[in-house]
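The structure appears below as structure tokens.
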Amino acid sequence: MRGSSAARTRCTTSNLKLRLVRYWYKGVALGSVSTNNGLESLHGRIKRFGTLRKRMPVGSFVKEMHRLMEEWSWASESQPFQSVPPRSLSLEVKAFHWSEDPSHMEFFAPQLRMGTYFVPGSCAGLVSYRRYGRCDSKPRRFKTFGQFVVWLKAYYRVFRNVHDILLCTCASSAKMYICKHSVTTEHMKYETDVSQKAKALPIDYHPRRGRPKSVGPALSMD
Ligand SMILES: [Zn+2]
């Protein structure tokens with residue numbers, strides 16, 4: 001009797017903790033940054049091109065930072081920030097093959113008249129679209145992190161941001177600001193053509209690294 005009472009108390013305490021800490025899971029703030037990778041990358045560049053991984057006195061360090069800031073500032077004039085994500089051939093190939101899947105098109109095509117689109121993801125078979133929508137409106141329905149991950153990969157939302165760029169909630173779009181879902185949406189919504197080259201390439205196409213064979217060496221003597 002005493003054991004079951006103690007277990008009940010523990011259970012109540014953990015429930016109480018979960019209620020108090022409502023925003024305990026990673027996906028609570030979708031679209032916001034959840035890692036400091038960007039900051040680490042900037043630190044890496046400072047160490048590689050600025051401090052050269054040496055310990056420096058504060059005075060020298062501040063001088064070095066001032067020099068770096070000035071250099072980057074001038075560089076931003078000659079190399080402006082990209083406002084449109086680059087579209088590679090391999091992405092076109094992926095988008096084309098994704099749009100060729102009848103099950104994807106059956107789900108996606110009826111939404112073309114609307115301004116927001118949902119596309120099936122890798123876990124679409126594990127969560128019904130209805131349940132996905134219910135969890136979208138009330139995220140606290142998740143009881144475990146695993147449930148959240150499956151939900152996150154079940155369907156993705158393609159939408160336009162304030163700069164009129166099509167984005168998606170999938171991982172690829174979060175990293176590159178472009179994905180096969182947004183490319184397909186653009187092709188289908190505005191009826192733009194997919195290049196013949198992209199249509200002809202296999203689904204696992206990956207461009208080879210390095211100089212293409214057809215291009216000769218840059219310092220050729222003839
Ligand atoms: Zn996507």
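Letters A, B, ... go to the chains of the structure tokens in the order shown; residues in each chain start at 1; ligands are counted from 1 in the same order.
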
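For ligand 1, the protein and nucleic acid residues at most 8 Å away, judged by only C-alpha atoms and all ligand atoms, amount to Tyr156, Arg157, Val158, Leu167, Cys168, Thr169, Cys170, Ala171, Ser172, Ser173, Ile178, Cys179, Lys180, His181 and Ser182 of chain A.
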
Segment 49-54 of chain A surroundings by only C-alpha atoms, 10 Å radius, close-in-sequence under 6 positions cut, as number ranges by chain: A: 43, 60-61, 64-65, 67-68

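The residue that comes closest to Leu166 of chain A, out of A:Leu152, A:Gly59, A:Tyr117, A:Phe145 and on the basis of only C-alpha atoms, is A:Tyr117.
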
Members of segment 112-211 of chain A assigned alpha helix (DSSP H) by DSSP, as a CSV table (one decimal) with C-alpha atoms, in the first residue's frame:
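Just written: part_38.csv:
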```
chain,number,residue,atom,x,y,z
A,129,TYR,CA,-3.5,14.5,-42.0
A,130,ARG,CA,-6.4,15.2,-39.7
A,131,ARG,CA,-4.3,14.5,-36.6
A,132,TYR,CA,-1.4,16.5,-38.0
A,133,GLY,CA,-3.8,19.5,-38.3
A,134,ARG,CA,-5.1,19.0,-34.7
A,135,CYS,CA,-1.5,19.0,-33.3
A,136,ASP,CA,-0.6,22.0,-35.4
A,137,SER,CA,-3.3,24.0,-33.7
A,145,PHE,CA,9.6,13.9,-28.1
A,146,GLY,CA,9.3,10.9,-30.5
A,147,GLN,CA,5.7,11.8,-31.2
A,148,PHE,CA,6.7,15.3,-32.0
A,149,VAL,CA,9.5,14.1,-34.4
A,150,VAL,CA,7.1,11.9,-36.3
A,151,TRP,CA,4.6,14.7,-36.5
A,152,LEU,CA,7.3,17.1,-37.8
A,153,LYS,CA,8.2,14.8,-40.6
A,154,ALA,CA,4.7,13.7,-41.5
A,171,ALA,CA,14.8,20.5,-42.8
A,172,SER,CA,16.3,21.2,-46.3
A,173,SER,CA,14.4,24.5,-46.6
A,174,ALA,CA,15.4,25.5,-43.1
A,175,LYS,CA,19.0,25.1,-44.0
A,176,MET,CA,19.1,26.2,-47.7
A,180,LYS,CA,12.1,20.1,-53.7
A,181,HIS,CA,8.7,21.0,-52.3
A,182,SER,CA,9.0,24.7,-52.9
A,183,VAL,CA,10.5,24.2,-56.4
A,184,THR,CA,7.6,21.8,-57.3
A,185,THR,CA,5.1,24.2,-55.9
A,186,GLU,CA,6.5,27.0,-58.1
A,187,HIS,CA,6.6,24.7,-61.2
A,188,MET,CA,3.0,23.6,-60.7
A,189,LYS,CA,1.5,26.9,-59.5
A,196,GLN,CA,14.9,18.6,-70.3
A,197,LYS,CA,18.3,18.0,-68.6
A,198,ALA,CA,16.6,17.6,-65.2
A,199,LYS,CA,14.0,15.3,-66.6
A,200,ALA,CA,16.6,13.1,-68.2
```

Nearest residue to Val93 of chain A from the set A:Pro80, A:Pro207, A:Pro202, A:Pro57 (distances using only C-alpha atoms):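 Closest residue, counting only C-alpha atoms: A:Pro202.
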
Which residue of A:Asn37, A:Thr144, A:Gln82, A:Ser99 approaches Val119 of chain A most closely, using only C-alpha atoms: A:Ser99

From a backbone DSSP assignment, name each residue in segment 37-130 of chain A labelled strand (DSSP E or B), as a JSON list (two decimals) with all heavy atoms, in the first residue's frame.
```
[["chain", "number", "residue", "atom", "x", "y", "z"],
["A", 117, "TYR", "N", 0.31, 25.65, -48.86],
["A", 117, "TYR", "CA", 0.25, 24.28, -49.33],
["A", 117, "TYR", "C", 0.87, 23.34, -48.31],
["A", 117, "TYR", "O", 1.88, 23.68, -47.70],
["A", 117, "TYR", "CB", 1.01, 24.15, -50.65],
["A", 117, "TYR", "CG", 0.82, 25.32, -51.57],
["A", 117, "TYR", "CD1", 1.74, 26.37, -51.58],
["A", 117, "TYR", "CD2", -0.30, 25.40, -52.39],
["A", 117, "TYR", "CE1", 1.55, 27.46, -52.39],
["A", 117, "TYR", "CE2", -0.49, 26.49, -53.20],
["A", 117, "TYR", "CZ", 0.43, 27.52, -53.20],
["A", 117, "TYR", "OH", 0.25, 28.62, -53.99],
["A", 118, "PHE", "N", 0.26, 22.15, -48.18],
["A", 118, "PHE", "CA", 0.84, 21.10, -47.35],
["A", 118, "PHE", "C", 1.28, 19.97, -48.26],
["A", 118, "PHE", "O", 0.58, 19.64, -49.21],
["A", 118, "PHE", "CB", -0.18, 20.59, -46.33],
["A", 118, "PHE", "CG", -0.41, 21.56, -45.21],
["A", 118, "PHE", "CD1", -1.44, 22.49, -45.29],
["A", 118, "PHE", "CD2", 0.40, 21.57, -44.09],
["A", 118, "PHE", "CE1", -1.64, 23.41, -44.27],
["A", 118, "PHE", "CE2", 0.21, 22.48, -43.08],
["A", 118, "PHE", "CZ", -0.83, 23.40, -43.17],
["A", 119, "VAL", "N", 2.46, 19.43, -47.96],
["A", 119, "VAL", "CA", 2.96, 18.32, -48.78],
["A", 119, "VAL", "C", 3.30, 17.15, -47.86],
["A", 119, "VAL", "O", 3.71, 17.36, -46.71],
["A", 119, "VAL", "CB", 4.23, 18.73, -49.57],
["A", 119, "VAL", "CG1", 3.90, 19.74, -50.64],
["A", 119, "VAL", "CG2", 5.31, 19.27, -48.66],
["A", 120, "PRO", "N", 3.11, 15.90, -48.34],
["A", 120, "PRO", "CA", 3.43, 14.75, -47.49],
["A", 120, "PRO", "C", 4.94, 14.59, -47.31],
["A", 120, "PRO", "O", 5.71, 14.80, -48.24],
["A", 120, "PRO", "CB", 2.83, 13.57, -48.24],
["A", 120, "PRO", "CG", 2.67, 14.02, -49.65],
["A", 120, "PRO", "CD", 2.54, 15.51, -49.63]]
```

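In this comparison, which uses only C-alpha atoms, the residue of A:Leu89, A:Arg55, A:Leu112, A:Met105 approaching Glu191 of chain A most closely is A:Leu112.
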